[in-house]
file input-v3.cif (mmCIF, C-alpha atoms)
data_structure
#
loop_
_atom_site.group_PDB
_atom_site.id
_atom_site.type_symbol
_atom_site.label_atom_id
_atom_site.label_comp_id
_atom_site.auth_asym_id
_atom_site.auth_seq_id
_atom_site.Cartn_x
_atom_site.Cartn_y
_atom_site.Cartn_z
ATOM 1 C CA MET A 1143 114.517 58.070 102.254
ATOM 2 C CA GLY A 1144 117.887 57.363 103.853
ATOM 3 C CA PHE A 1145 116.481 57.485 107.381
ATOM 4 C CA ILE A 1146 113.629 55.113 106.533
ATOM 5 C CA ASP A 1147 116.036 52.703 104.861
ATOM 6 C CA ASP A 1148 118.272 52.807 107.948
ATOM 7 C CA VAL A 1149 115.315 52.019 110.219
ATOM 8 C CA ILE A 1150 114.178 49.154 107.975
ATOM 9 C CA ASN A 1151 117.688 47.714 107.903
ATOM 10 C CA TRP A 1152 117.981 48.062 111.684
ATOM 11 C CA PHE A 1153 114.713 46.167 112.213
ATOM 12 C CA GLY A 1154 115.872 43.492 109.784
ATOM 13 C CA ASP A 1155 119.163 43.064 111.633
ATOM 14 C CA ALA A 1156 117.600 43.235 115.106
ATOM 15 C CA PHE A 1157 114.870 40.668 114.474
ATOM 16 C CA LYS A 1158 116.837 38.255 112.251
ATOM 17 C CA PRO A 1159 117.656 35.889 115.160
ATOM 18 C CA LEU A 1160 113.966 35.796 116.088
ATOM 19 C CA PHE A 1161 112.953 35.077 112.497
ATOM 20 C CA ASP A 1162 115.594 32.348 112.268
ATOM 21 C CA PHE A 1163 114.348 30.784 115.524
ATOM 22 C CA PHE A 1164 110.746 30.650 114.306
ATOM 23 C CA TYR A 1165 111.831 29.326 110.922
ATOM 24 C CA THR A 1166 113.901 26.580 112.547
ATOM 25 C CA TYR A 1167 111.124 25.480 114.929
ATOM 26 C CA ARG A 1168 108.140 26.273 112.694
ATOM 27 C CA SER A 1169 106.804 22.699 112.823
ATOM 28 C CA HIS A 1170 107.195 22.231 116.592
ATOM 29 C CA PRO A 1171 103.664 22.096 118.058
ATOM 30 C CA LEU A 1172 104.681 23.020 121.625
ATOM 31 C CA LEU A 1173 106.085 26.326 120.401
ATOM 32 C CA TRP A 1174 102.771 27.312 118.801
ATOM 33 C CA ILE A 1175 100.730 26.063 121.759
ATOM 34 C CA GLY A 1176 102.967 28.103 124.089
ATOM 35 C CA ILE A 1177 102.615 31.227 121.942
ATOM 36 C CA LEU A 1178 98.835 30.768 121.873
ATOM 37 C CA VAL A 1179 98.606 30.302 125.650
ATOM 38 C CA ILE A 1180 100.806 33.336 126.323
ATOM 39 C CA GLY A 1181 98.732 35.418 123.897
ATOM 40 C CA LEU A 1182 95.486 34.359 125.582
ATOM 41 C CA LEU A 1183 96.938 35.099 129.018
ATOM 42 C CA ILE A 1184 98.046 38.579 127.960
ATOM 43 C CA SER A 1185 94.619 39.223 126.428
ATOM 44 C CA LYS A 1186 92.844 38.051 129.596
ATOM 45 C CA LEU A 1187 95.045 40.174 131.852
ATOM 46 C CA THR A 1188 94.542 43.214 129.626
ATOM 47 C CA TYR A 1189 90.773 42.715 129.526
ATOM 48 C CA ASP A 1190 90.590 42.318 133.305
ATOM 49 C CA ALA A 1191 92.716 45.434 133.835
ATOM 50 C CA LEU A 1192 90.510 47.532 131.564
ATOM 51 C CA ASN A 1193 87.152 46.094 132.617
ATOM 52 C CA LYS A 1194 85.351 48.622 134.838
ATOM 53 C CA ASN A 1195 82.722 46.098 136.003
ATOM 54 C CA ASN A 1196 85.256 43.812 137.608
ATOM 55 C CA SER A 1197 83.937 42.314 140.868
ATOM 56 C CA PHE A 1198 87.296 42.172 142.652
#
call {"tool": "encode", "arguments": {"input": "input-v3.cif", "output": "structure tokens"}}
result
Amino acid sequence: MGFIDDVINWFGDAFKPLFDFFYTYRSHPLLWIGILVIGLLISKLTYDALNKNNSF
């Protein structure tokens, strides 16, 4: 269990600044709109890359 605890603690320490950033700006609408747009763009690019019937 020591290795798993070390990995969990490492993830907690590594992502703490990211969690703090999202907590600080959790009510900012442009942040969430930006995350949504980036997520849709990544999904579209992935779909187009994997689509075999692409007309390009």
call {"tool": "atom_distance", "arguments": {"input": "input-v3.cif", "atom1": "atom CA of Val1179 of chain A", "atom2": "atom CA of Asn1193 of chain A"}}
result
20.7 Å
call {"tool": "axis_aligned_box", "arguments": {"input": "input-v3.cif", "around": "segment 1178-1190 of chain A", "padding_each_side": "8 Å", "output": "lines of an AutoDock Vina configuration file"}}
result
center_x = 95.7
center_y = 36.8
center_z = 127.6
size_x = 26.2
size_y = 28.9
size_z = 27.4
call {"tool": "atom_distance", "arguments": {"input": "input-v3.cif", "atom1": "atom CA of Thr1166 of chain A", "atom2": "atom CA of Phe1153 of chain A"}}
result
19.6 Å
call {"tool": "atom_distance", "arguments": {"input": "input-v3.cif", "atom1": "atom CA of Ile1177 of chain A", "atom2": "atom CA of Asn1195 of chain A"}}
result
28.5 Å
call {"tool": "decode", "arguments": {"input": "input-v3.cif", "residues": "segment 1171-1186 of chain A", "atoms": "N, CA, C and O atoms", "output": "PDB file, in the first residue's frame"}}
result
ATOM      1  N   PRO A1171     -17.403  32.910 -16.151  1.00  0.00           N
ATOM      2  CA  PRO A1171     -18.030  32.217 -17.280  1.00  0.00           C
ATOM      3  C   PRO A1171     -17.091  32.023 -18.478  1.00  0.00           C
ATOM      4  O   PRO A1171     -17.221  31.026 -19.192  1.00  0.00           O
ATOM      5  N   LEU A1172     -16.155  32.921 -18.709  1.00  0.00           N
ATOM      6  CA  LEU A1172     -15.257  32.766 -19.852  1.00  0.00           C
ATOM      7  C   LEU A1172     -14.345  31.549 -19.698  1.00  0.00           C
ATOM      8  O   LEU A1172     -13.990  30.914 -20.696  1.00  0.00           O
ATOM      9  N   LEU A1173     -13.988  31.217 -18.489  1.00  0.00           N
ATOM     10  CA  LEU A1173     -13.186  30.019 -18.250  1.00  0.00           C
ATOM     11  C   LEU A1173     -13.939  28.780 -18.699  1.00  0.00           C
ATOM     12  O   LEU A1173     -13.398  27.948 -19.426  1.00  0.00           O
ATOM     13  N   TRP A1174     -15.197  28.656 -18.308  1.00  0.00           N
ATOM     14  CA  TRP A1174     -15.990  27.470 -18.641  1.00  0.00           C
ATOM     15  C   TRP A1174     -16.341  27.431 -20.114  1.00  0.00           C
ATOM     16  O   TRP A1174     -16.371  26.345 -20.719  1.00  0.00           O
ATOM     17  N   ILE A1175     -16.600  28.594 -20.714  1.00  0.00           N
ATOM     18  CA  ILE A1175     -16.845  28.637 -22.160  1.00  0.00           C
ATOM     19  C   ILE A1175     -15.584  28.213 -22.909  1.00  0.00           C
ATOM     20  O   ILE A1175     -15.649  27.449 -23.868  1.00  0.00           O
ATOM     21  N   GLY A1176     -14.426  28.688 -22.475  1.00  0.00           N
ATOM     22  CA  GLY A1176     -13.158  28.307 -23.103  1.00  0.00           C
ATOM     23  C   GLY A1176     -12.880  26.818 -22.977  1.00  0.00           C
ATOM     24  O   GLY A1176     -12.456  26.176 -23.940  1.00  0.00           O
ATOM     25  N   ILE A1177     -13.137  26.251 -21.802  1.00  0.00           N
ATOM     26  CA  ILE A1177     -12.930  24.814 -21.607  1.00  0.00           C
ATOM     27  C   ILE A1177     -13.873  24.023 -22.499  1.00  0.00           C
ATOM     28  O   ILE A1177     -13.478  23.028 -23.112  1.00  0.00           O
ATOM     29  N   LEU A1178     -15.119  24.473 -22.615  1.00  0.00           N
ATOM     30  CA  LEU A1178     -16.088  23.796 -23.475  1.00  0.00           C
ATOM     31  C   LEU A1178     -15.672  23.850 -24.938  1.00  0.00           C
ATOM     32  O   LEU A1178     -15.695  22.833 -25.640  1.00  0.00           O
ATOM     33  N   VAL A1179     -15.246  25.017 -25.401  1.00  0.00           N
ATOM     34  CA  VAL A1179     -14.825  25.171 -26.799  1.00  0.00           C
ATOM     35  C   VAL A1179     -13.592  24.309 -27.089  1.00  0.00           C
ATOM     36  O   VAL A1179     -13.524  23.640 -28.122  1.00  0.00           O
ATOM     37  N   ILE A1180     -12.638  24.308 -26.203  1.00  0.00           N
ATOM     38  CA  ILE A1180     -11.434  23.487 -26.395  1.00  0.00           C
ATOM     39  C   ILE A1180     -11.799  22.004 -26.404  1.00  0.00           C
ATOM     40  O   ILE A1180     -11.296  21.240 -27.230  1.00  0.00           O
ATOM     41  N   GLY A1181     -12.700  21.589 -25.521  1.00  0.00           N
ATOM     42  CA  GLY A1181     -13.137  20.199 -25.497  1.00  0.00           C
ATOM     43  C   GLY A1181     -13.849  19.801 -26.782  1.00  0.00           C
ATOM     44  O   GLY A1181     -13.628  18.709 -27.322  1.00  0.00           O
ATOM     45  N   LEU A1182     -14.707  20.680 -27.295  1.00  0.00           N
ATOM     46  CA  LEU A1182     -15.392  20.397 -28.558  1.00  0.00           C
ATOM     47  C   LEU A1182     -14.410  20.345 -29.720  1.00  0.00           C
ATOM     48  O   LEU A1182     -14.546  19.498 -30.614  1.00  0.00           O
ATOM     49  N   LEU A1183     -13.434  21.230 -29.726  1.00  0.00           N
ATOM     50  CA  LEU A1183     -12.425  21.234 -30.784  1.00  0.00           C
ATOM     51  C   LEU A1183     -11.603  19.943 -30.766  1.00  0.00           C
ATOM     52  O   LEU A1183     -11.374  19.336 -31.819  1.00  0.00           O
ATOM     53  N   ILE A1184     -11.188  19.515 -29.591  1.00  0.00           N
ATOM     54  CA  ILE A1184     -10.430  18.270 -29.486  1.00  0.00           C
ATOM     55  C   ILE A1184     -11.285  17.086 -29.936  1.00  0.00           C
ATOM     56  O   ILE A1184     -10.808  16.200 -30.657  1.00  0.00           O
ATOM     57  N   SER A1185     -12.558  17.080 -29.555  1.00  0.00           N
ATOM     58  CA  SER A1185     -13.449  16.000 -29.977  1.00  0.00           C
ATOM     59  C   SER A1185     -13.627  15.984 -31.487  1.00  0.00           C
ATOM     60  O   SER A1185     -13.606  14.920 -32.120  1.00  0.00           O
ATOM     61  N   LYS A1186     -13.801  17.153 -32.089  1.00  0.00           N
ATOM     62  CA  LYS A1186     -13.970  17.256 -33.542  1.00  0.00           C
ATOM     63  C   LYS A1186     -12.709  16.788 -34.267  1.00  0.00           C
ATOM     64  O   LYS A1186     -12.783  16.046 -35.245  1.00  0.00           O
TER      65      LYS A1186
END
